[in-house]
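Participant: Next up, structure_21.cif (mmCIF, C-alpha atoms).
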```
data_input
#
loop_
_atom_site.label_atom_id
_atom_site.label_comp_id
_atom_site.auth_asym_id
_atom_site.auth_seq_id
_atom_site.Cartn_x
_atom_site.Cartn_y
_atom_site.Cartn_z
CA MET U 1 194.51 -1.93 59.55
CA GLU U 2 197.52 -3.75 58.15
CA HIS U 3 200.66 -5.02 59.83
CA GLY U 4 198.56 -4.82 62.98
CA ASN U 5 197.34 -1.41 61.87
CA GLN U 6 194.20 0.36 60.81
CA ALA U 7 194.19 1.05 57.12
CA GLY U 8 193.87 4.42 55.48
CA GLY U 9 192.05 5.58 52.35
CA GLY U 10 191.65 4.38 48.85
CA TRP U 11 191.38 5.63 45.24
CA PRO U 12 188.82 5.18 42.50
CA ILE U 13 189.27 3.69 39.07
CA GLY U 14 187.58 4.27 35.78
CA PRO U 15 185.49 1.97 33.58
CA GLU U 16 186.88 -1.28 32.31
CA PRO U 17 187.90 -1.34 28.63
CA ALA U 18 185.57 -3.08 26.23
CA ASP U 19 187.93 -4.54 23.67
CA ASP U 20 189.37 -8.06 23.70
CA THR U 21 192.92 -6.75 23.84
CA ALA U 22 192.15 -5.02 27.12
CA ALA U 23 190.58 -8.18 28.52
CA ARG U 24 193.68 -10.21 27.66
CA ALA U 25 195.87 -7.51 29.20
CA GLU U 26 193.83 -7.70 32.38
CA SER U 27 194.45 -11.42 32.65
CA ALA U 28 198.16 -10.91 32.08
CA ALA U 29 198.17 -8.26 34.79
CA GLY U 30 197.22 -10.86 37.36
CA ASP U 31 193.43 -10.85 37.67
CA ALA U 32 191.77 -13.44 35.48
CA ALA U 33 188.35 -13.33 37.13
CA PRO U 34 185.56 -12.72 34.60
CA PHE U 35 183.71 -9.42 34.54
CA ALA U 36 180.79 -8.10 32.56
CA ALA U 37 181.78 -6.40 29.33
CA GLU U 38 181.76 -2.63 29.30
CA PRO U 39 178.33 -1.44 28.16
CA ALA U 40 178.44 0.59 24.97
CA PRO U 41 178.25 4.37 25.51
CA ALA U 42 174.68 5.53 25.65
CA PRO U 43 173.49 7.89 22.92
CA ALA U 44 173.64 11.59 23.75
CA GLY U 45 170.49 12.61 25.53
CA ASP U 46 169.56 9.05 26.55
CA ARG U 47 166.84 9.35 29.17
CA SER U 48 168.25 6.70 31.50
CA VAL U 49 171.65 8.42 31.53
CA ARG U 50 170.06 11.79 32.28
CA ARG U 51 168.04 10.24 35.08
CA GLY U 52 171.13 8.55 36.49
CA LEU U 53 173.14 11.76 36.41
CA LEU U 54 170.31 13.64 38.12
CA LEU U 55 170.22 11.04 40.89
CA TRP U 56 173.99 11.31 41.26
CA LEU U 57 173.78 15.10 41.47
CA VAL U 58 171.19 14.96 44.24
CA ALA U 59 173.09 12.27 46.18
CA LEU U 60 176.46 13.99 45.87
CA LEU U 61 175.09 17.34 46.97
CA ALA U 62 173.27 15.83 49.94
CA LEU U 63 176.21 13.74 51.11
CA GLY U 64 178.84 16.38 50.42
CA LEU U 65 177.00 19.18 52.19
CA GLY U 66 176.02 16.80 54.97
CA GLY U 67 179.63 15.83 55.48
CA LEU U 68 180.68 19.46 55.75
CA ALA U 69 177.79 20.31 58.08
CA PHE U 70 178.59 17.47 60.48
CA GLY U 71 182.36 17.90 60.41
CA MET U 72 183.00 14.76 58.33
CA GLN U 73 185.83 16.11 56.21
CA GLU U 74 186.83 12.67 54.90
CA LEU U 75 183.29 12.02 53.68
CA ALA U 76 183.12 15.42 51.97
CA ALA U 77 186.47 14.84 50.23
CA LEU U 78 185.51 11.36 49.02
CA ILE U 79 182.16 12.62 47.75
CA ALA U 80 183.88 15.47 45.90
CA PHE U 81 186.16 13.01 44.17
CA ALA U 82 183.20 10.78 43.35
CA GLY U 83 181.73 13.81 41.60
CA VAL U 84 184.83 14.09 39.41
CA ALA U 85 184.59 10.37 38.59
CA ILE U 86 180.94 10.67 37.59
CA ALA U 87 181.73 13.72 35.45
CA ALA U 88 184.35 11.63 33.62
CA GLN U 89 181.83 8.85 33.07
CA ALA U 90 179.29 11.36 31.78
CA ALA U 91 181.80 12.84 29.34
CA ASP U 92 182.47 9.34 28.01
CA VAL U 93 178.82 8.63 27.20
CA ASP U 94 177.63 12.13 26.25
CA PRO U 95 179.97 14.66 24.52
CA ARG U 96 177.95 17.52 25.97
CA TRP U 97 179.51 16.75 29.35
CA PHE U 98 183.05 17.16 28.01
CA ALA U 99 183.39 20.86 28.87
CA PRO U 100 182.08 20.51 32.46
CA TYR U 101 184.37 17.54 33.00
CA VAL U 102 187.41 19.44 31.74
CA VAL U 103 186.72 22.09 34.40
CA VAL U 104 186.21 19.73 37.35
CA GLY U 105 188.70 17.13 36.12
CA ALA U 106 191.54 19.66 36.06
CA VAL U 107 191.31 19.76 39.85
CA VAL U 108 193.05 16.36 40.04
CA PRO U 109 196.34 17.09 38.19
CA ILE U 110 196.52 20.69 39.41
CA GLY U 111 195.66 19.70 42.96
CA GLY U 112 198.18 16.87 42.78
CA ALA U 113 200.91 19.26 41.64
CA ALA U 114 200.04 21.61 44.50
CA MET U 115 200.18 18.74 46.98
CA PHE U 116 203.63 17.68 45.76
CA ALA U 117 204.87 21.26 45.89
CA PHE U 118 203.65 21.43 49.50
CA LEU U 119 205.48 18.19 50.29
CA ALA U 120 208.66 19.51 48.66
CA ASN U 121 208.50 22.63 50.81
CA LEU U 122 208.00 20.59 54.00
CA ILE U 123 210.91 18.35 53.07
CA TRP U 124 213.27 21.22 52.33
CA THR U 125 212.38 23.04 55.55
CA GLY U 126 212.13 19.94 57.74
CA ASP U 127 214.63 18.35 60.08
CA LEU U 128 216.04 15.77 57.67
CA THR U 129 219.50 14.75 56.59
CA PRO U 130 220.84 16.51 53.48
CA ALA U 131 220.62 13.28 51.48
CA LEU U 132 216.97 12.70 52.38
CA ARG U 133 216.17 16.36 51.78
CA ILE U 134 217.62 16.23 48.28
CA ALA U 135 216.11 12.85 47.40
CA GLY U 136 212.66 13.56 48.83
CA GLY U 137 212.49 17.07 47.42
CA SER U 138 213.57 15.89 43.98
CA VAL U 139 210.94 13.13 43.87
CA ALA U 140 208.25 15.57 45.00
CA ILE U 141 209.19 18.12 42.33
CA LEU U 142 209.31 15.43 39.64
CA ALA U 143 205.92 14.15 40.75
CA ALA U 144 204.50 17.68 40.61
CA ALA U 145 205.72 18.04 37.03
CA ILE U 146 204.24 14.67 36.03
CA SER U 147 200.92 15.66 37.59
CA LEU U 148 200.80 18.86 35.57
CA PHE U 149 201.94 17.22 32.33
CA SER U 150 199.24 14.55 32.72
CA ILE U 151 196.70 17.22 31.75
CA HIS U 152 197.89 16.78 28.16
CA PRO U 153 195.89 14.01 26.45
CA ALA U 154 198.96 12.34 24.96
CA VAL U 155 200.61 12.04 28.38
CA ALA U 156 197.37 10.79 29.93
CA ARG U 157 196.98 8.18 27.18
CA GLY U 158 200.56 7.05 27.79
CA LEU U 159 199.80 6.58 31.48
CA VAL U 160 196.69 4.57 30.63
CA HIS U 161 198.62 2.34 28.24
CA GLY U 162 201.50 1.83 30.67
CA LEU U 163 199.42 1.15 33.77
CA PHE U 164 196.43 -0.71 32.38
CA ARG U 165 198.14 -2.40 29.40
CA THR U 166 195.35 -1.50 27.04
CA THR U 167 194.88 0.52 23.87
CA ALA U 168 191.40 1.55 25.05
CA ASP U 169 191.02 5.20 26.01
CA SER U 170 188.43 7.17 27.94
CA HIS U 171 188.21 10.17 30.24
CA ALA U 172 187.54 7.86 33.19
CA LEU U 173 190.60 5.73 32.43
CA ARG U 174 192.79 8.84 32.15
CA LEU U 175 191.47 10.10 35.48
CA ALA U 176 192.20 6.73 37.07
CA ALA U 177 195.73 6.64 35.65
CA ARG U 178 196.49 10.12 37.01
CA VAL U 179 195.28 9.15 40.47
CA VAL U 180 197.24 5.88 40.54
CA VAL U 181 200.47 7.57 39.46
CA MET U 182 200.09 10.36 42.00
CA GLY U 183 199.29 7.88 44.76
CA ILE U 184 202.35 5.75 44.10
CA LEU U 185 204.69 8.72 43.61
CA SER U 186 203.53 10.29 46.88
CA ALA U 187 204.77 7.38 49.00
CA PHE U 188 208.42 8.38 49.41
CA PRO U 189 208.11 12.16 49.93
CA ALA U 190 205.02 11.79 52.12
CA SER U 191 206.72 9.17 54.30
CA LEU U 192 209.40 11.76 55.13
CA VAL U 193 207.00 14.37 56.48
CA VAL U 194 203.92 12.50 57.73
CA PRO U 195 205.60 11.43 61.01
CA GLN U 196 206.17 15.10 61.84
CA LEU U 197 202.60 15.99 60.94
CA LEU U 198 201.24 13.09 63.02
CA GLU U 199 203.21 13.96 66.15
CA PRO U 200 200.74 16.52 67.56
CA MET U 201 197.80 14.17 66.92
CA LEU U 202 199.51 11.21 68.58
CA ASN U 203 199.52 13.05 71.89
CA GLN U 204 195.89 14.12 71.93
CA PRO U 205 193.65 12.72 74.69
CA GLY U 206 191.42 9.84 73.69
CA GLY U 207 193.48 8.62 70.71
CA LEU U 208 193.38 9.47 67.01
CA PHE U 209 189.72 8.59 66.56
CA GLU U 210 188.35 10.53 69.48
CA SER U 211 186.19 12.66 67.20
CA GLY U 212 186.45 10.82 63.88
CA PRO U 213 183.03 9.93 62.36
CA LEU U 214 184.12 6.64 60.79
CA GLY U 215 180.67 5.80 59.46
CA GLY U 216 180.77 8.76 57.09
CA GLU U 217 184.13 7.67 55.73
CA LEU U 218 182.75 4.20 54.98
CA VAL U 219 179.81 5.73 53.09
CA GLY U 220 182.26 7.86 51.12
CA TYR U 221 184.31 4.85 50.02
CA ILE U 222 181.23 3.00 48.81
CA VAL U 223 179.92 6.00 46.87
CA LEU U 224 183.36 6.55 45.35
CA ALA U 225 183.60 2.93 44.16
CA LEU U 226 180.14 3.08 42.60
CA ALA U 227 180.93 6.36 40.86
CA SER U 228 184.24 5.08 39.53
CA ILE U 229 182.67 2.13 37.67
CA GLY U 230 179.78 4.17 36.24
CA PHE U 231 176.81 3.04 38.33
CA LEU U 232 173.60 4.47 36.80
CA VAL U 233 175.63 5.90 33.90
CA ARG U 234 177.25 2.87 32.25
CA ARG U 235 175.93 0.07 34.47
CA ASP U 236 172.79 -0.88 36.33
CA LEU U 237 172.91 -2.35 39.84
CA ARG U 238 173.50 -5.95 38.78
CA GLN U 239 176.27 -5.02 36.35
CA SER U 240 177.86 -2.79 38.98
CA LEU U 241 177.91 -5.54 41.60
CA ASP U 242 179.43 -7.93 39.06
CA ARG U 243 182.07 -5.39 38.07
CA LEU U 244 183.01 -4.78 41.71
CA GLY U 245 183.14 -8.49 42.47
CA LEU U 246 180.39 -8.34 45.09
CA ARG U 247 178.30 -11.48 45.51
CA THR U 248 176.92 -13.80 48.14
CA LEU U 249 179.38 -16.21 49.73
CA GLY U 250 179.42 -19.98 49.39
CA PHE U 251 181.15 -22.67 51.45
CA ARG U 252 184.31 -22.40 49.37
CA ASP U 253 184.41 -18.66 50.02
CA LEU U 254 184.11 -19.28 53.77
CA ALA U 255 187.15 -21.53 53.54
CA TYR U 256 189.02 -18.75 51.73
CA ILE U 257 188.05 -16.33 54.52
CA ALA U 258 189.36 -18.64 57.24
CA ALA U 259 192.58 -19.26 55.32
CA GLY U 260 193.00 -15.58 54.46
CA VAL U 261 192.67 -14.39 58.05
CA GLY U 262 195.18 -17.03 59.12
CA VAL U 263 197.69 -16.06 56.45
CA LEU U 264 197.40 -12.35 57.29
CA PHE U 265 198.06 -13.03 60.97
CA LEU U 266 201.02 -15.28 60.20
CA LEU U 267 202.47 -12.59 57.95
CA ASN U 268 201.88 -9.98 60.62
CA ILE U 269 203.50 -12.09 63.35
CA GLY U 270 206.52 -12.84 61.17
CA ALA U 271 206.95 -9.23 60.07
CA ASP U 272 206.55 -8.00 63.65
CA TRP U 273 209.24 -10.37 64.92
CA LEU U 274 211.63 -9.49 62.11
CA GLN U 275 211.13 -5.75 62.54
CA ASN U 276 211.48 -5.93 66.34
CA HIS U 277 214.75 -7.83 66.15
CA TYR U 278 216.45 -6.13 63.22
CA PHE U 279 214.79 -2.72 62.81
CA HIS U 280 213.80 -1.97 66.39
CA LYS U 281 213.60 1.80 66.04
CA SER U 282 211.07 1.58 63.21
CA TRP U 283 209.22 -1.12 65.19
CA GLU U 284 208.83 1.28 68.11
CA ALA U 285 207.53 4.03 65.82
CA ASP U 286 205.02 1.76 64.11
CA HIS U 287 203.75 0.35 67.39
CA ARG U 288 203.29 3.81 68.77
CA VAL U 289 201.07 4.65 65.79
CA ASN U 290 199.15 1.39 66.31
CA GLU U 291 198.57 2.09 69.98
CA GLU U 292 197.32 5.60 69.28
CA LEU U 293 195.00 4.33 66.56
CA VAL U 294 193.22 1.99 68.96
CA ARG U 295 193.52 3.95 72.21
CA GLY U 296 190.14 4.89 73.62
CA LEU U 297 188.14 2.86 71.10
CA THR U 298 184.98 1.25 72.40
CA THR U 299 183.93 -2.14 71.05
CA PRO U 300 181.39 -0.64 68.59
CA LEU U 301 184.01 1.86 67.34
CA ALA U 302 186.56 -0.93 66.93
CA VAL U 303 184.09 -2.91 64.80
CA LEU U 304 183.25 0.21 62.78
CA LEU U 305 186.94 0.93 62.25
CA GLY U 306 187.50 -2.60 60.94
CA ALA U 307 184.46 -2.33 58.67
CA THR U 308 185.56 1.05 57.34
CA ALA U 309 188.99 -0.26 56.34
CA GLY U 310 187.84 -3.71 55.29
CA ILE U 311 184.79 -2.74 53.26
CA GLY U 312 185.90 0.72 52.16
CA GLU U 313 189.40 -0.10 50.98
CA GLU U 314 188.49 -3.41 49.41
CA ILE U 315 185.58 -2.08 47.36
CA THR U 316 187.71 0.75 45.97
CA LEU U 317 191.07 -0.96 45.58
CA ARG U 318 190.44 -4.65 45.07
CA GLY U 319 186.90 -4.22 43.75
CA ALA U 320 187.18 -1.30 41.33
CA LEU U 321 190.91 -0.98 40.71
CA GLN U 322 192.52 -4.42 40.68
CA PRO U 323 190.71 -5.84 37.60
CA ARG U 324 192.28 -3.06 35.53
CA LEU U 325 195.62 -2.58 37.29
CA GLY U 326 196.49 -6.12 38.42
CA ILE U 327 197.56 -7.42 41.81
CA PRO U 328 201.18 -6.12 42.06
CA LEU U 329 200.48 -2.47 41.26
CA THR U 330 197.27 -2.42 43.27
CA ALA U 331 199.16 -3.76 46.29
CA THR U 332 201.87 -1.15 45.69
CA LEU U 333 199.30 1.63 45.73
CA PHE U 334 197.73 0.07 48.82
CA ALA U 335 201.09 0.26 50.60
CA ALA U 336 201.74 3.78 49.32
CA LEU U 337 198.57 4.96 51.07
CA HIS U 338 199.94 3.83 54.46
CA VAL U 339 202.67 6.42 54.88
CA GLN U 340 201.93 6.73 58.58
CA TYR U 341 204.19 3.70 59.00
CA SER U 342 207.90 3.16 58.47
CA TRP U 343 209.35 1.76 55.27
CA PHE U 344 209.28 -1.70 56.86
CA GLY U 345 205.64 -1.32 57.81
CA MET U 346 204.77 -0.28 54.27
CA VAL U 347 206.52 -3.36 52.86
CA ALA U 348 204.46 -5.49 55.24
CA VAL U 349 201.29 -3.73 54.07
CA LEU U 350 202.28 -4.45 50.46
CA LEU U 351 202.54 -8.18 51.24
CA LEU U 352 199.18 -8.12 52.98
CA GLY U 353 197.77 -6.35 49.91
CA VAL U 354 199.05 -9.14 47.67
CA VAL U 355 197.24 -11.72 49.82
CA LEU U 356 194.01 -9.72 49.67
CA GLY U 357 194.46 -9.35 45.92
CA VAL U 358 194.81 -13.10 45.46
CA LEU U 359 191.66 -13.63 47.54
CA ARG U 360 189.79 -11.18 45.32
CA GLN U 361 191.07 -12.96 42.22
CA ARG U 362 190.43 -16.51 43.41
CA SER U 363 187.15 -15.79 45.17
CA CYS U 364 185.55 -12.33 45.12
CA THR U 365 185.74 -8.86 46.63
CA THR U 366 183.21 -9.87 49.31
CA THR U 367 185.71 -12.45 50.56
CA ALA U 368 188.54 -9.91 50.61
CA MET U 369 186.29 -7.50 52.52
CA ALA U 370 185.47 -10.10 55.15
CA VAL U 371 189.12 -11.10 55.62
CA HIS U 372 190.29 -7.49 55.85
CA ALA U 373 187.56 -6.49 58.30
CA ILE U 374 187.99 -9.54 60.54
CA TYR U 375 191.76 -9.07 60.59
CA ASP U 376 191.44 -5.41 61.48
CA VAL U 377 188.91 -5.94 64.27
CA MET U 378 190.98 -8.75 65.80
CA ALA U 379 194.13 -6.63 65.50
CA VAL U 380 192.44 -3.78 67.40
CA PHE U 381 191.83 -6.05 70.37
CA THR U 382 195.31 -7.57 70.29
CA THR U 383 197.31 -4.33 69.99
#
```
Please render this file's structure as structure tokens.
Facilitator:
Amino acid sequence: MEHGNQAGGGWPIGPEPADDTAARAESAAGDAAPFAAEPAPAPAGDRSVRRGLLLWLVALLALGLGGLAFGMQELAALIAFAGVAIAAQAADVDPRWFAPYVVVGAVVPIGGAAMFAFLANLIWTGDLTPALRIAGGSVAILAAAISLFSIHPAVARGLVHGLFRTTADSHALRLAARVVVMGILSAFPASLVVPQLLEPMLNQPGGLFESGPLGGELVGYIVLALASIGFLVRRDLRQSLDRLGLRTLGFRDLAYIAAGVGVLFLLNIGADWLQNHYFHKSWEADHRVNEELVRGLTTPLAVLLGATAGIGEEITLRGALQPRLGIPLTATLFAALHVQYSWFGMVAVLLLGVVLGVLRQRSCTTTAMAVHAIYDVMAVFTT
């Protein structure tokens, strides 16, 4: 929850580049925290890699089918994407996985193009001004074309170079670049149609989370983050925790948590006042979404909601993504994933994302998780 709101989903990222140029680019991008070097690709047929992939296959099937069986669509979707991420990692360490990855990996650019085409259709047929219809439809069509063109290796490599500022190349990095670009490009066209799509849900009895199994979504985020950095394929548990920035907290980290929660609330209070006084119509819309998000939540559900956003988003965005993409673009993607709010609300979310990014850089992802979760839980009870 940002800007007094519960937060939505997150995206995975591929493995970190191994060369020194990539490491220097990472520091220039705004995240100078040290990370373990990328393990060298395992030889084809390496027993540990095969064992890791087998464990991933069993886990993904169990969680994916379980999510479908128990009506946890978000969990099933996150697990499916984790499968694509693991396939990319496998193709990077064992050429025999290249053909299977090409098949499953094509789902991302083709599915992205289909999503943008759907958005373009909703925009053109929706109740919008001609100017917004033309602008939103044009961006959606352009984004659909970029999604399709990103299938070509040269285009994908260009996205990797532009986003991650590295000459390193891998299937996992290309997958990550496609997802980041699609996420950012979706912000404007999606913001034009999501309010219409949300309207029926805002009026349902019991609030938006009346039947939402939040625990499954949290599990999905964690699995997705682990898959995206190559757990059991490129990294063991210790290396994976280091890569994600997860560690035990010290006294200095506790001070960062206290300061971070305070800064987020001050930003939220300032943004809320500014929006209420100068952009009152968007303030009313955002507060209506906030109220529906928390309506009917029991105390345990409120805590679970805060944990889902705080832990889930931070481990995927700040933990897996930020070391490669840097703070500004990660915060931009973070804001782009909150299209349920007005443009002002999304700007506020971007600023909150910058604060969380600085906390991850100066301290660790565990600190950012704690700040995000505490902020969200407190915001639930003050909305």
Participant: For Leu267 (chain U), which of U:Val349, U:Val303, U:Leu198, U:Leu173 is the closest residue, counting all atoms listed in the file?
Facilitator: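 That would be U:Val349, the residue with the smallest distance to Leu267 (chain U).
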Participant: Using the chain letters and residue numbers of this document, give as a CSV table (one decimal) with C-alpha atoms, in the coordinates of the input the residues selected by the PyMOL selection byres ((chain U and resi 215-218) around 8).
Facilitator:
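Wrote out33.csv, looks like this:
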```
chain,number,residue,atom,x,y,z
U,67,GLY,CA,179.6,15.8,55.5
U,72,MET,CA,183.0,14.8,58.3
U,74,GLU,CA,186.8,12.7,54.9
U,75,LEU,CA,183.3,12.0,53.7
U,78,LEU,CA,185.5,11.4,49.0
U,213,PRO,CA,183.0,9.9,62.4
U,214,LEU,CA,184.1,6.6,60.8
U,219,VAL,CA,179.8,5.7,53.1
U,220,GLY,CA,182.3,7.9,51.1
U,221,TYR,CA,184.3,4.8,50.0
U,222,ILE,CA,181.2,3.0,48.8
U,304,LEU,CA,183.2,0.2,62.8
U,307,ALA,CA,184.5,-2.3,58.7
U,308,THR,CA,185.6,1.0,57.3
U,309,ALA,CA,189.0,-0.3,56.3
U,311,ILE,CA,184.8,-2.7,53.3
U,312,GLY,CA,185.9,0.7,52.2
```
Participant: Written as a ChimeraX atom specification, what is the full residue list that the PyMOL selection byres ((chain U and resi 151) around 12) yields on the file shown?
Facilitator: /U:102-103,105-113,144-150,152-159,171,174-175,177-179
Participant: May I have the selected residues written with C-alpha atoms, as a tab-separated table (two decimals), keeping the file's coordinate frame?
Facilitator:
```tsv
chain	number	residue	atom	x	y	z
U	102	VAL	CA	187.41	19.44	31.74
U	103	VAL	CA	186.72	22.09	34.40
U	105	GLY	CA	188.70	17.13	36.12
U	106	ALA	CA	191.54	19.66	36.06
U	107	VAL	CA	191.31	19.76	39.85
U	108	VAL	CA	193.05	16.36	40.04
U	109	PRO	CA	196.34	17.09	38.19
U	110	ILE	CA	196.52	20.69	39.41
U	111	GLY	CA	195.66	19.70	42.96
U	112	GLY	CA	198.18	16.87	42.78
U	113	ALA	CA	200.91	19.26	41.64
U	144	ALA	CA	204.50	17.68	40.61
U	145	ALA	CA	205.72	18.04	37.03
U	146	ILE	CA	204.24	14.67	36.03
U	147	SER	CA	200.92	15.66	37.59
U	148	LEU	CA	200.80	18.86	35.57
U	149	PHE	CA	201.94	17.22	32.33
U	150	SER	CA	199.24	14.55	32.72
U	152	HIS	CA	197.89	16.78	28.16
U	153	PRO	CA	195.89	14.01	26.45
U	154	ALA	CA	198.96	12.34	24.96
U	155	VAL	CA	200.61	12.04	28.38
U	156	ALA	CA	197.37	10.79	29.93
U	157	ARG	CA	196.98	8.18	27.18
U	158	GLY	CA	200.56	7.05	27.79
U	159	LEU	CA	199.80	6.58	31.48
U	171	HIS	CA	188.21	10.17	30.24
U	174	ARG	CA	192.79	8.84	32.15
U	175	LEU	CA	191.47	10.10	35.48
U	177	ALA	CA	195.73	6.64	35.65
U	178	ARG	CA	196.49	10.12	37.01
U	179	VAL	CA	195.28	9.15	40.47
```
Participant: Tell me which residues come within 9 Å of (198.7, -7.4, 43.6), as number ranges by chain, counting all atoms listed in the file in the file's coordinates.
Facilitator: U: 29-31, 318, 322, 325-332, 350-351, 353-358
Participant: Which polymer residues have any atom within 9 Å of an atom of Ala140 (chain U), counting all atoms listed in the file, with same-chain residues fewer than 2 positions away left out, as a PDB file with C-alpha atoms, in the frame of the given file?
Facilitator:
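Below is the file that was written, selection35.pdb:
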```pdb
ATOM      1  CA  ALA U 113     200.910  19.260  41.640  1.00  0.00           C
ATOM      2  CA  MET U 115     200.180  18.740  46.980  1.00  0.00           C
ATOM      3  CA  PHE U 116     203.630  17.680  45.760  1.00  0.00           C
ATOM      4  CA  ALA U 117     204.870  21.260  45.890  1.00  0.00           C
ATOM      5  CA  PHE U 118     203.650  21.430  49.500  1.00  0.00           C
ATOM      6  CA  LEU U 119     205.480  18.190  50.290  1.00  0.00           C
ATOM      7  CA  ALA U 120     208.660  19.510  48.660  1.00  0.00           C
ATOM      8  CA  ILE U 123     210.910  18.350  53.070  1.00  0.00           C
ATOM      9  CA  ALA U 135     216.110  12.850  47.400  1.00  0.00           C
ATOM     10  CA  GLY U 136     212.660  13.560  48.830  1.00  0.00           C
ATOM     11  CA  GLY U 137     212.490  17.070  47.420  1.00  0.00           C
ATOM     12  CA  SER U 138     213.570  15.890  43.980  1.00  0.00           C
ATOM     13  CA  LEU U 142     209.310  15.430  39.640  1.00  0.00           C
ATOM     14  CA  ALA U 143     205.920  14.150  40.750  1.00  0.00           C
ATOM     15  CA  ALA U 144     204.500  17.680  40.610  1.00  0.00           C
ATOM     16  CA  ALA U 145     205.720  18.040  37.030  1.00  0.00           C
ATOM     17  CA  LEU U 185     204.690   8.720  43.610  1.00  0.00           C
ATOM     18  CA  SER U 186     203.530  10.290  46.880  1.00  0.00           C
ATOM     19  CA  PHE U 188     208.420   8.380  49.410  1.00  0.00           C
ATOM     20  CA  PRO U 189     208.110  12.160  49.930  1.00  0.00           C
ATOM     21  CA  ALA U 190     205.020  11.790  52.120  1.00  0.00           C
TER      22      ALA U 190
END
```
Participant: Neighbours of Leu54 (chain U) within 12 Å (only C-alpha atoms; same-chain residues fewer than 5 positions away dropped), as a PDB file with C-alpha atoms, keeping the file's coordinate frame?
Facilitator:
```pdb
ATOM      1  CA  ARG U  47     166.840   9.350  29.170  1.00  0.00           C
ATOM      2  CA  SER U  48     168.250   6.700  31.500  1.00  0.00           C
ATOM      3  CA  VAL U  49     171.650   8.420  31.530  1.00  0.00           C
ATOM      4  CA  ALA U  59     173.090  12.270  46.180  1.00  0.00           C
ATOM      5  CA  LEU U  60     176.460  13.990  45.870  1.00  0.00           C
ATOM      6  CA  LEU U  61     175.090  17.340  46.970  1.00  0.00           C
ATOM      7  CA  GLY U  83     181.730  13.810  41.600  1.00  0.00           C
ATOM      8  CA  ILE U  86     180.940  10.670  37.590  1.00  0.00           C
ATOM      9  CA  ALA U  87     181.730  13.720  35.450  1.00  0.00           C
ATOM     10  CA  ALA U  90     179.290  11.360  31.780  1.00  0.00           C
ATOM     11  CA  LEU U 232     173.600   4.470  36.800  1.00  0.00           C
ATOM     12  CA  VAL U 233     175.630   5.900  33.900  1.00  0.00           C
TER      13      VAL U 233
END
```
Participant: Report the distance between CA of Val377 (chain U) and CA of Leu352 (chain U) in Å, rounded to one decimal place.
Facilitator: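 These atoms are spaced 15.4 Å apart.
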Participant: Quick one: distance from CA of Asn121 (chain U) to CA of Leu197 (chain U) in Å, one decimal?
Facilitator: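 Between CA of Asn121 (chain U) and CA of Leu197 (chain U) the gap works out to 13.5 Å.
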Participant: Which is closest to Glu199 (chain U) among U:Leu305, U:Ala336, U:Ala99, U:Val289, if we use all atoms listed in the file?
Facilitator: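 The closest residue to Glu199 (chain U) is U:Val289.
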Participant: Would you please work out which residue, of U:Gly126, U:Ala225, U:Gly345, U:Val160, is nearest to His287 (chain U) when using only C-alpha atoms?
Facilitator: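 Smallest separation from His287 (chain U) among the options: U:Gly345.
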Participant: Counting all atoms listed in the file, which residue out of U:Leu321, U:Cys364, U:Leu192, U:Leu55 sits closest to Thr129 (chain U)?
Facilitator: U:Leu192
Participant: When you draw a straight line from CA of Val380 (chain U) to CA of Val261 (chain U), how long is it in Å?
Facilitator: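 Taking CA of Val380 (chain U) and CA of Val261 (chain U), their separation equals 14.1 Å.
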Participant: I need the residue set behind the PyMOL selection byres ((chain U and resi 243-246) around 8) for this file; please write it as a list in words.
Facilitator: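 Listing what the PyMOL selection byres ((chain U and resi 243-246) around 8) selects in the shown file: Phe35, Ala36, Ile229, Gln239, Ser240, Leu241, Asp242, Arg247, Thr248, Ile315, Gly319, Ala320, Arg360, Cys364, Thr365 and Thr366 of chain U.
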Participant: At most 7 Å from (190.2, -6.7, 54.5), file frame, all atoms listed in the file: which residues, as a list in words?
Facilitator: Ala309, Gly310, Ile311, Glu314, Leu356, Ala368, Met369, Ala370, Val371, His372, Ala373 and Tyr375 of chain U
Participant: So, counting all atoms listed in the file, which residue among U:Arg362, U:Tyr341, U:Leu57, U:Arg324 is closest to Arg165 (chain U)?
Facilitator: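 Of U:Arg362, U:Tyr341, U:Leu57, U:Arg324, the one nearest Arg165 (chain U), counting all atoms listed in the file, is U:Arg324.
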Participant: Check the smallest atom-to-atom distance from each of U:Gln196, U:Thr167, U:Gln73, U:Asn276 to Thr125 (chain U) using all atoms listed in the file, then report the winner.
Facilitator: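 Counting all atoms listed in the file, the residue closest to Thr125 (chain U) is U:Gln196.
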Participant: Could you pull the residues within 8 Å of Ser363 (chain U), counting only C-alpha atoms, minus those fewer than 3 positions along the same chain, as a list in words?
Facilitator: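 Counting only C-alpha atoms, the residues come to Asp253, Tyr256, Leu359, Arg360 and Thr367 of chain U.
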Participant: Write out as a PyMOL selection string which residues come within 8 Å of Thr383 (chain U) when counting only C-alpha atoms, dropping same-chain ones fewer than 4 positions away.
Facilitator: chain U and resi 4+290-291+294+379
